[in-house]
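All remarks here apply to the structure that follows.
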Protein chains: 2
Amino acid sequence: MNRIEIVPLGGIGEFGMNCMGIRYGDEMIIVDAGMGFPEETPFGVDISIPNFDFLEEYRYDLTALILTHGHEDHIGALSYLLKKFNIPVYASRFTHALAEKRLEEFNMMGDVLLHSVRPNDVADIGSFQVEFIHASHSLIDCFSLAIKTPLGTIIHTGDYKVDDTPVIGKPYDLKTLKRYGDEGVLALLGDSTNATVPGRTPSEQAVIPAFREIFEEVEGRLFIATFSSSMHRLQIVFDVAHEYGRKVCVLGRSMQKNVEIAEGFGLLKIRPDAMVSLSAARALDDDEICFIVTGSQGESRAALWNMATSTYKGMEVEPGDTVVLSARIIPGNEKNISRLIGHLYKRGANIIEERRRLIHVSGHASQEDIRIMVETARPKYLIPIHGEYRMLFRHKEFVKNHVPGYTDENVVLIENGDVLEIDEFGARVSGKRELNRTFIDEESLGEIEYDVIRERKKLASGGTISLVVTIDKHSHALAGEPQITFNGVAGLDPTNGFGADAREAVRLAISEMKREQIADKAVFRENLRVHLKRFIQKRIGTKPVILTTVVEV
Amino acid sequence: MNRIEIVPLGGIGEFGMNCMGIRYGDEMIIVDAGMGFPEETPFGVDISIPNFDFLEEYRYDLTALILTHGHEDHIGALSYLLKKFNIPVYASRFTHALAEKRLEEFNMMGDVLLHSVRPNDVADIGSFQVEFIHASHSLIDCFSLAIKTPLGTIIHTGDYKVDDTPVIGKPYDLKTLKRYGDEGVLALLGDSTNATVPGRTPSEQAVIPAFREIFEEVEGRLFIATFSSSMHRLQIVFDVAHEYGRKVCVLGRSMQKNVEIAEGFGLLKIRPDAMVSLSAARALDDDEICFIVTGSQGESRAALWNMATSTYKGMEVEPGDTVVLSARIIPGNEKNISRLIGHLYKRGANIIEERRRLIHVSGHASQEDIRIMVETARPKYLIPIHGEYRMLFRHKEFVKNHVPGYTDENVVLIENGDVLEIDEFGARVSGKRELNRTFIDEESLGEIEYDVIRERKKLASGGTISLVVTIDKHSHALAGEPQITFNGVAGLDPTNGFGADAREAVRLAISEMKREQIADKAVFRENLRVHLKRFIQKRIGTKPVILTTVVEV
């Protein structure tokens, strides 16, 4: 079988849950195992993960999991994948350190084989030879992958931007990429997140002038909210704070952990005494301290939200404070962020937002970065990945219209659940499968089946009723009053006798049933349910879930 | 009592549900009765309305409801208000026509006294004299209000922008506003929706060049999606379509109704034969037709969504079609719109979005419009209304910083539930009340109490369990097996004997209870619930709602 199969499990046609199988012969490697951020949170769901059951048919083919970088949408489902398929993991040391936090939650640290790799290391994984290409992104220690197969090389960009002057680490390693381009690249799997954005993505350093201005102007306390993984940004804040004589206090657990890990590896450079504890920060004057905090998305459990609405470890935002929101608005968070800003204004804080100054840059390739990527790698086939369909489509359109040699033939749009075959004759989707997501309740770390979510949606929209009917097991006659309990049902008025009327309706329905209809308990229960449902719909126009129990005495 | 009370019931600190009481002595008028768009839609809620129960204490003071214009966030709760307090309504004829649709749903048309008023009409309503000032906005036939009271004049801007060249109707009537400014204005209640936006809001006419370009370029079928109430926009599409030799077909029920009403009043000018039915449209060539459709927000029941995902009355979006999204993205709709665009791309359509061309302008005053408003009316007190707290705050900041004479003293921020008193000594908030919203299920047109929503949220997050226990009424001993029914509960595995274990846990709990604990049924039920709850939490880590029924035999 001289062909490659590309099997996306997530991240294609959606934001998050990045995960892709790449198969040659009877070997398959997996690139990334990310989690998603589903809208089903009202239904007891915290995160979603790819449906790894889909990999059962490849169980004996799986040889390795390769992590491009440490963002949650690339590693957050790691433990769930490894629980099912215990395969070795390859990643940078920083990515590993983040992944370990996840594995510890599952007590899996001892069970998993972790290979730490460095840029330009080459891992031999069966028929695959994988070179790790240093990539620039908003996180650090990130990779693009050059995956050599007997049929040709596949470049997986991971998340990237072409940053010539990142704050931490080297620029994107275009030299290595070019080496592969010169040798010939069969297929490029390219990040589409920012494919709708014209121009180049600004370097991480681009925010430094605005931060200097802010530190120059502000006299009171400074709070800088950003993503806990934005390491370049944190380095800039540490550096500029030092220039302007402010100490830095890091608040929010995820931020503190990430800073600790990055500093441990020497990736984040913090001067002695530059970072202070909360109690030390309190003792400083307002113009001597800068807080870096979690909560830029208006998350209701993060440090900033707590400080804005009540207290965070005894701290509150106060009049004269300045809050810098140094992050983009992730779609879906608009309302929460607007609420957060309202609370901050009420507290008397000054707010500096992304829209008004250059205090945030994206970590993803814009159109001109994509052009550089494609022109350097010159792949035979380009396959847009990472993004909603709209971004994938625009990725394709941009390259078709702006890079010579790319057409509908060799820019291939795929979706989750597709199987893309590449061989000497071309690239084509050979199979399409419906891939349901898997929902996770993070408290119990348990999976929630899709059917359960469906039931919960019904309960949410109409409430529930428990109907208990007691019958004589010999005569099949009603023995005592039907009992009805309501929960979450609208339109009930305690004064209008609705409960009594409902019981009467049930009694009447039973009196009209035939003996056989009562004798078969399943039929009887269903009949009762239908009768009560009709009564309720007529009377109050709602559709609660009705649970019926028959007690025989 | 020589003072005015301003009592906002909605629209202050939130988007939507605009409603305000203005009281002098023992008379109170209500301005607008709008609905809101709550996030509680998964819980069987369609819309929210202000909590009109709050007005009970003013029942005998209420003299009139005045509607500034016909947008849903200003009239959508009309019927619910009038059901409780049947007061006369004043509005423009177009606003009335839209309001009538709402009243008909409730069969209330015969019961309500409607006064149609025209610009510069003055209505004597007890101690209040209300002049209707022609206002420009994205809708037509809109008013600002000059409300004369014995204590001074209050200007309520309604929603407005200062449009010097609207498409339909006259510019904003600054002349009348200036007359009041010259006489002296006590307080201005001003629209804050766009108070964060610098500059002037462009005129409705500003989109004409982009529409001409689009009609010039596009050769296939044209679909233009916009709000069904954006009458100026519709007029422009009709006019430009005529210029370029295309007929117009209006799709989507709300759009069709609004067009019919506006044309009936001669407000929308449609040439004979310019508008065609769907079947006539089908017979035309692709470059002879332009569809105006609902669904610019990605609403899943609107014409555009249906055409993009399946069919709408047999119509589908096809390769070569061009879809123009001529509307802003209302916060919260980002994901649905992105999905819609993905579906349209998949269908092979070309998409023209607001971000890339000037095909949409706002209907609300930007900062420089606000400056014109304040400088013309020169109110003693400025009270920002209509917007989230963030916008109200920025409204205040802008005026404080850019209009001489305004300070923290005379720009007053209020919130829903406040009572703002204005008298000769000043303006101050004299009372603060918690104002819960009222939720509405539009199918049954019934109110949903907040407690019901709270119960539904619990059901949604953990599912429900019905536990039925049968006991002997004399011996208080268990008579038969406990029966347990699950719905929406995660972590149940039919093979792990969970059900049997749960029944056993209940049996065990009962066996350890004292006789008296069983004899009191309320205590018994609660005890059973707590025991089963603990068992479930230990075993599967979830918190379903448990409904317990005790059957005595």
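By order in the structure tokens, chains are A, B, ...; within a chain, residues start at 1; ligands start at 1, following the order shown.
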Handout entry: Filtered DSSP result for range 225-459 of chain B, state helix (DSSP H, G or I), as a ChimeraX atom specification
Key = /B:231-243,253-264,278-283,286-288,303-309,334-346,367-377,389-402,450-459
Create the file for the chosen residues now, containing C-alpha atoms and written as a short mmCIF file (atom, residue, chain, number, x, y, z; two decimals), in the first residue's frame.
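What ended up in result.cif:
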data_model
loop_
_atom_site.label_atom_id
_atom_site.label_comp_id
_atom_site.auth_asym_id
_atom_site.auth_seq_id
_atom_site.Cartn_x
_atom_site.Cartn_y
_atom_site.Cartn_z
CA MET B 231 -35.57 50.50 6.22
CA HIS B 232 -33.04 52.97 4.85
CA ARG B 233 -30.88 50.01 3.81
CA LEU B 234 -33.83 48.34 2.07
CA GLN B 235 -34.62 51.55 0.20
CA ILE B 236 -31.01 51.74 -0.98
CA VAL B 237 -31.10 48.14 -2.19
CA PHE B 238 -34.35 48.77 -4.07
CA ASP B 239 -32.89 51.92 -5.65
CA VAL B 240 -29.52 50.46 -6.60
CA ALA B 241 -31.11 47.24 -7.86
CA HIS B 242 -33.26 49.35 -10.16
CA GLU B 243 -30.20 51.25 -11.44
CA ARG B 253 -41.47 36.72 7.15
CA SER B 254 -40.44 39.64 9.38
CA MET B 255 -38.78 41.39 6.43
CA GLN B 256 -41.83 40.92 4.22
CA LYS B 257 -44.16 42.29 6.89
CA ASN B 258 -42.01 45.34 7.56
CA VAL B 259 -41.69 46.10 3.86
CA GLU B 260 -45.45 45.85 3.47
CA ILE B 261 -46.08 48.23 6.37
CA ALA B 262 -43.45 50.77 5.33
CA GLU B 263 -44.63 50.75 1.74
CA GLY B 264 -48.23 51.13 2.89
CA LEU B 278 -40.22 34.04 -5.27
CA SER B 279 -41.73 32.17 -8.19
CA ALA B 280 -41.28 35.18 -10.48
CA ALA B 281 -37.72 35.55 -9.20
CA ARG B 282 -36.95 31.96 -10.17
CA ALA B 283 -37.92 32.66 -13.75
CA ASP B 286 -29.14 35.25 -12.36
CA ASP B 287 -28.13 38.84 -13.13
CA GLU B 288 -31.71 40.09 -13.09
CA ALA B 303 -34.11 32.40 5.38
CA LEU B 304 -30.36 32.67 4.81
CA TRP B 305 -29.41 29.85 7.21
CA ASN B 306 -31.95 27.56 5.58
CA MET B 307 -30.71 28.39 2.10
CA ALA B 308 -27.12 27.78 3.20
CA THR B 309 -27.69 24.47 4.97
CA GLU B 334 -20.00 35.59 16.43
CA LYS B 335 -19.95 31.79 16.39
CA ASN B 336 -23.24 31.39 14.56
CA ILE B 337 -22.22 33.91 11.93
CA SER B 338 -18.89 32.17 11.44
CA ARG B 339 -20.75 28.88 10.98
CA LEU B 340 -23.12 30.47 8.51
CA ILE B 341 -20.19 31.80 6.49
CA GLY B 342 -18.60 28.35 6.52
CA HIS B 343 -21.79 26.82 5.13
CA LEU B 344 -22.02 29.52 2.46
CA TYR B 345 -18.41 28.92 1.39
CA LYS B 346 -19.12 25.19 1.19
CA GLN B 367 -19.00 60.41 20.32
CA GLU B 368 -19.23 63.42 18.01
CA ASP B 369 -22.98 62.92 17.58
CA ILE B 370 -23.21 62.83 21.37
CA ARG B 371 -21.30 66.09 21.49
CA ILE B 372 -23.82 67.69 19.09
CA MET B 373 -26.70 66.38 21.17
CA VAL B 374 -25.30 67.69 24.45
CA GLU B 375 -24.17 71.02 23.03
CA THR B 376 -27.55 71.62 21.40
CA ALA B 377 -29.72 70.62 24.36
CA TYR B 389 -22.24 49.87 32.08
CA ARG B 390 -19.08 50.14 30.03
CA MET B 391 -20.83 52.30 27.43
CA LEU B 392 -22.62 54.46 30.01
CA PHE B 393 -19.28 55.07 31.69
CA ARG B 394 -17.56 56.00 28.44
CA HIS B 395 -20.47 58.30 27.57
CA LYS B 396 -19.86 60.13 30.83
CA GLU B 397 -16.08 60.22 30.34
CA PHE B 398 -16.40 61.56 26.80
CA VAL B 399 -18.73 64.38 27.76
CA LYS B 400 -16.72 65.26 30.88
CA ASN B 401 -13.54 65.49 28.83
CA HIS B 402 -14.88 67.14 25.70
CA TYR B 450 -36.61 32.80 38.11
CA ASP B 451 -36.79 29.85 40.53
CA VAL B 452 -37.83 27.61 37.65
CA ILE B 453 -34.76 28.68 35.68
CA ARG B 454 -32.59 27.90 38.69
CA GLU B 455 -34.09 24.40 38.91
CA ARG B 456 -33.61 23.87 35.18
CA LYS B 457 -29.96 24.89 35.46
CA LYS B 458 -29.44 22.17 38.04
CA LEU B 459 -31.25 19.61 35.90
#
Exercise for the section: Just the residues within 10 Å of Val545 in chain A, please, counting only C-alpha atoms, with nothing from its chain fewer than 2 positions along; format it as a ChimeraX atom specification. Expected result: /A:455-456,458-466,487,489,529,533,542-543,547-548 /B:464,487
Practice task
Tell me, as a ChimeraX atom specification, which residues lie within 6 Å of His74 in chain B, counting only C-alpha atoms; anything in the same chain fewer than 6 positions away does not count.
Solution key: /B:18,32-34
Exercise for the section: Find the residues near Ile87 in chain A: any atom within 7 Å, counting only C-alpha atoms, skip ones fewer than 3 places away on the same chain, and give them as a ChimeraX atom specification. Expected result: /A:63-65,82
Problem - Interatomic distance, CA of Gly25 in chain A to CA of Ile147 in chain A (Å, one decimal) - result: 14.6 Å
Practice task
For each of B:Glu512, B:Asp423, B:Asp53, B:Glu183, take the minimum atom-to-atom distance to Asn436 in chain B, counting only C-alpha atoms, then give the residue where this is smallest.
Solution key: B:Asp53
Exercise for the section: Give the strand (DSSP E) residues of range 164-265 of chain B, as assigned by DSSP on the backbone, as a VMD selection string. Expected result: chain B and resid 185 to 191 222 to 225 247 to 251
Create the file for the chosen residues now, containing all heavy atoms and written as a compact mmCIF listing (two decimals), in the first residue's frame.
# COMPACT_ATOMS: atom_id res chain seq x y z
N VAL B 185 -32.99 73.06 29.43
CA VAL B 185 -33.32 71.65 29.60
C VAL B 185 -32.82 71.20 30.97
O VAL B 185 -31.67 71.44 31.32
CB VAL B 185 -32.69 70.79 28.48
CG1 VAL B 185 -32.78 69.31 28.80
CG2 VAL B 185 -33.36 71.10 27.14
N LEU B 186 -33.70 70.57 31.71
CA LEU B 186 -33.31 70.12 33.05
C LEU B 186 -32.42 68.88 32.97
O LEU B 186 -31.36 68.82 33.59
CB LEU B 186 -34.58 69.80 33.87
CG LEU B 186 -34.35 69.29 35.29
CD1 LEU B 186 -33.63 70.34 36.12
CD2 LEU B 186 -35.69 68.91 35.93
N ALA B 187 -32.86 67.89 32.17
CA ALA B 187 -32.09 66.64 32.12
C ALA B 187 -32.18 66.04 30.73
O ALA B 187 -33.21 66.13 30.06
CB ALA B 187 -32.61 65.64 33.15
N LEU B 188 -31.08 65.45 30.31
CA LEU B 188 -31.05 64.74 29.02
C LEU B 188 -30.75 63.27 29.30
O LEU B 188 -29.73 62.95 29.93
CB LEU B 188 -29.95 65.33 28.13
CG LEU B 188 -29.70 64.62 26.80
CD1 LEU B 188 -30.81 64.93 25.80
CD2 LEU B 188 -28.37 65.03 26.20
N LEU B 189 -31.64 62.39 28.85
CA LEU B 189 -31.42 60.95 28.95
C LEU B 189 -30.90 60.52 27.59
O LEU B 189 -31.65 60.54 26.60
CB LEU B 189 -32.73 60.23 29.28
CG LEU B 189 -33.42 60.70 30.58
CD1 LEU B 189 -34.88 60.26 30.61
CD2 LEU B 189 -32.67 60.15 31.78
N GLY B 190 -29.61 60.15 27.49
CA GLY B 190 -29.00 60.01 26.17
C GLY B 190 -28.51 58.60 25.85
O GLY B 190 -27.85 57.96 26.66
N ASP B 191 -28.84 58.17 24.64
CA ASP B 191 -28.41 56.87 24.08
C ASP B 191 -26.88 56.71 24.17
O ASP B 191 -26.14 57.55 23.68
CB ASP B 191 -28.86 56.84 22.61
CG ASP B 191 -28.48 55.56 21.88
OD1 ASP B 191 -28.04 54.59 22.52
OD2 ASP B 191 -28.66 55.54 20.63
N LEU B 222 -27.64 37.72 -6.42
CA LEU B 222 -27.21 38.53 -5.28
C LEU B 222 -28.16 38.31 -4.11
O LEU B 222 -29.38 38.40 -4.27
CB LEU B 222 -27.26 40.00 -5.68
CG LEU B 222 -25.96 40.78 -5.75
CD1 LEU B 222 -26.24 42.18 -6.26
CD2 LEU B 222 -25.26 40.83 -4.41
N PHE B 223 -27.60 38.00 -2.95
CA PHE B 223 -28.39 37.88 -1.72
C PHE B 223 -27.88 38.93 -0.75
O PHE B 223 -26.69 38.93 -0.42
CB PHE B 223 -28.23 36.50 -1.10
CG PHE B 223 -28.79 35.38 -1.93
CD1 PHE B 223 -28.08 34.87 -3.01
CD2 PHE B 223 -30.05 34.86 -1.66
CE1 PHE B 223 -28.60 33.86 -3.78
CE2 PHE B 223 -30.58 33.84 -2.43
CZ PHE B 223 -29.86 33.33 -3.50
N ILE B 224 -28.77 39.77 -0.28
CA ILE B 224 -28.35 40.80 0.67
C ILE B 224 -29.05 40.54 1.99
O ILE B 224 -30.29 40.57 2.08
CB ILE B 224 -28.65 42.20 0.12
CG1 ILE B 224 -27.78 42.41 -1.12
CG2 ILE B 224 -28.38 43.27 1.18
CD1 ILE B 224 -28.12 43.58 -1.96
N ALA B 225 -28.25 40.23 3.01
CA ALA B 225 -28.82 39.96 4.32
C ALA B 225 -28.67 41.19 5.19
O ALA B 225 -27.59 41.76 5.29
CB ALA B 225 -28.11 38.77 4.97
N LYS B 247 -34.48 43.01 -10.37
CA LYS B 247 -35.69 43.01 -9.57
C LYS B 247 -35.30 42.60 -8.14
O LYS B 247 -34.25 41.99 -7.92
CB LYS B 247 -36.71 42.01 -10.12
CG LYS B 247 -37.08 42.23 -11.56
CD LYS B 247 -38.04 43.37 -11.72
CE LYS B 247 -38.51 43.49 -13.17
NZ LYS B 247 -39.12 44.80 -13.43
N VAL B 248 -36.19 42.89 -7.22
CA VAL B 248 -35.92 42.55 -5.82
C VAL B 248 -36.97 41.57 -5.32
O VAL B 248 -38.17 41.75 -5.56
CB VAL B 248 -35.93 43.83 -4.93
CG1 VAL B 248 -35.82 43.45 -3.46
CG2 VAL B 248 -34.81 44.77 -5.35
N CYS B 249 -36.50 40.53 -4.63
CA CYS B 249 -37.41 39.57 -4.01
C CYS B 249 -37.09 39.54 -2.51
O CYS B 249 -35.94 39.34 -2.12
CB CYS B 249 -37.21 38.19 -4.63
SG CYS B 249 -38.18 36.90 -3.83
N VAL B 250 -38.08 39.80 -1.69
CA VAL B 250 -37.88 39.88 -0.24
C VAL B 250 -38.25 38.54 0.39
O VAL B 250 -39.36 38.04 0.22
CB VAL B 250 -38.73 41.02 0.36
CG1 VAL B 250 -38.58 41.07 1.88
CG2 VAL B 250 -38.35 42.35 -0.26
N LEU B 251 -37.31 37.94 1.13
CA LEU B 251 -37.53 36.63 1.74
C LEU B 251 -37.37 36.70 3.26
O LEU B 251 -36.46 37.36 3.75
CB LEU B 251 -36.56 35.60 1.16
CG LEU B 251 -36.65 35.37 -0.35
CD1 LEU B 251 -35.58 34.39 -0.81
CD2 LEU B 251 -38.03 34.88 -0.75
Residues near Val412 in chain A, anyone? I mean within 9 Å using only C-alpha atoms, not counting same-chain ones fewer than 4 positions away, as a tab-separated table (two decimals) with C-alpha atoms, in the first residue's frame.
chain	number	residue	atom	x	y	z
A	381	TYR	CA	-0.19	19.62	-1.92
A	382	LEU	CA	-1.34	22.24	0.54
A	383	ILE	CA	-3.87	21.18	3.18
A	384	PRO	CA	-5.24	23.99	5.38
A	396	LYS	CA	-7.07	28.17	0.17
A	408	ASP	CA	-8.12	23.77	-6.81
A	427	ALA	CA	-4.59	13.54	-3.19
A	428	ARG	CA	-8.23	12.70	-2.59
A	429	VAL	CA	-10.72	12.22	0.21
With the cut-off set at 8 Å and counting only C-alpha atoms, tabulate each residue of range 115-134 of chain A with an atom at most that distance from an atom of range 89-93 of chain A, showing the nearest atom pair and its distance in Å to one decimal, ordered by chain and increasing number, as CSV.
residue,atom,partner,partner_atom,distance
A:His115,CA,A:Tyr90,CA,4.8
A:Ser116,CA,A:Arg93,CA,5.3
A:Val117,CA,A:Ser92,CA,5.0
A:Arg118,CA,A:Ser92,CA,5.9
Exercise for the section: May I have the residues within 8 Å of Ala365 in chain B as an MDAnalysis selection string, using only C-alpha atoms and disregarding those fewer than 6 positions away in the same chain? Expected result: chainID B and resid 160:162 191:195 200:201
Exercise for the section: Could you check which of A:Ser230, A:Asn333, A:Gln517, A:Ser48 is closest to chain B, using only C-alpha atoms? Expected result: A:Asn333
Give me the residues near Asp73 in chain A as a short mmCIF file (atom, residue, chain, number, x, y, z; two decimals) with N, CA and C atoms, in the first residue's frame, where near means some atom within 12 Å (using only C-alpha atoms) and where sequence neighbours in that chain fewer than 4 positions away do not count.
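The result, written out as result.cif:
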data_model
loop_
_atom_site.label_atom_id
_atom_site.label_comp_id
_atom_site.auth_asym_id
_atom_site.auth_seq_id
_atom_site.Cartn_x
_atom_site.Cartn_y
_atom_site.Cartn_z
N GLY A 10 -9.64 16.17 14.80
CA GLY A 10 -10.17 17.40 15.37
C GLY A 10 -9.40 18.59 14.84
N GLY A 11 -9.94 19.79 15.05
CA GLY A 11 -9.23 21.02 14.72
C GLY A 11 -9.46 21.47 13.29
N GLU A 14 -13.20 23.64 13.02
CA GLU A 14 -13.57 24.06 14.37
C GLU A 14 -12.34 24.68 15.02
N PHE A 15 -12.56 25.42 16.09
CA PHE A 15 -11.46 25.98 16.86
C PHE A 15 -11.19 25.05 18.04
N GLY A 16 -9.96 24.56 18.15
CA GLY A 16 -9.61 23.68 19.27
C GLY A 16 -9.58 22.21 18.87
N MET A 17 -9.26 21.33 19.85
CA MET A 17 -9.26 19.87 19.65
C MET A 17 -8.36 19.43 18.51
N ASN A 18 -7.21 20.09 18.35
CA ASN A 18 -6.33 19.73 17.24
C ASN A 18 -5.75 18.33 17.44
N CYS A 19 -5.90 17.50 16.46
CA CYS A 19 -5.44 16.11 16.54
C CYS A 19 -5.49 15.49 15.14
N ASP A 32 -0.45 15.89 17.96
CA ASP A 32 -1.25 16.67 18.92
C ASP A 32 -2.50 15.93 19.41
N ALA A 33 -2.89 16.27 20.62
CA ALA A 33 -4.10 15.70 21.23
C ALA A 33 -4.72 16.82 22.05
N GLY A 34 -5.42 17.72 21.36
CA GLY A 34 -5.90 18.94 21.99
C GLY A 34 -7.32 18.83 22.50
N MET A 35 -7.64 19.73 23.42
CA MET A 35 -9.01 19.78 23.89
C MET A 35 -9.74 20.94 23.24
N GLY A 36 -11.07 20.92 23.37
CA GLY A 36 -11.88 21.98 22.81
C GLY A 36 -12.69 22.66 23.90
N PHE A 37 -13.33 23.75 23.51
CA PHE A 37 -14.05 24.59 24.45
C PHE A 37 -15.50 24.64 23.99
N PRO A 38 -16.28 23.64 24.36
CA PRO A 38 -17.60 23.49 23.77
C PRO A 38 -18.62 24.48 24.33
N ILE A 47 -15.02 20.51 29.09
CA ILE A 47 -14.22 20.55 27.86
C ILE A 47 -14.71 19.45 26.92
N SER A 48 -14.23 19.52 25.69
CA SER A 48 -14.48 18.41 24.77
C SER A 48 -13.14 17.89 24.30
N ILE A 49 -13.12 16.63 23.91
CA ILE A 49 -11.90 16.01 23.37
C ILE A 49 -12.29 15.26 22.10
N PRO A 50 -11.32 14.98 21.24
CA PRO A 50 -11.66 14.22 20.03
C PRO A 50 -12.20 12.83 20.42
N LEU A 67 3.82 16.09 19.97
CA LEU A 67 3.16 17.34 20.36
C LEU A 67 3.93 18.52 19.77
N THR A 68 3.23 19.36 19.03
CA THR A 68 3.92 20.50 18.41
C THR A 68 4.24 21.58 19.43
N HIS A 69 3.32 21.80 20.38
CA HIS A 69 3.57 22.80 21.43
C HIS A 69 2.56 22.62 22.56
N ALA A 77 -5.96 17.00 25.63
CA ALA A 77 -6.64 15.69 25.63
C ALA A 77 -5.64 14.54 25.71
N LEU A 78 -4.40 14.90 25.94
CA LEU A 78 -3.30 13.93 26.00
C LEU A 78 -3.60 12.70 26.86
N ALA A 99 2.68 19.20 29.67
CA ALA A 99 1.94 17.94 29.52
C ALA A 99 1.95 17.16 30.83
N GLY A 158 2.21 22.96 12.77
CA GLY A 158 1.77 23.29 14.13
C GLY A 158 1.13 24.67 14.09
N ASP A 159 1.08 25.35 15.23
CA ASP A 159 0.69 26.76 15.24
C ASP A 159 1.97 27.57 15.04
N HIS A 386 -6.34 23.59 11.24
CA HIS A 386 -6.48 24.50 12.40
C HIS A 386 -7.36 25.69 12.07
N GLY A 387 -8.65 25.52 12.22
CA GLY A 387 -9.54 26.66 12.03
C GLY A 387 -10.93 26.23 11.63
#
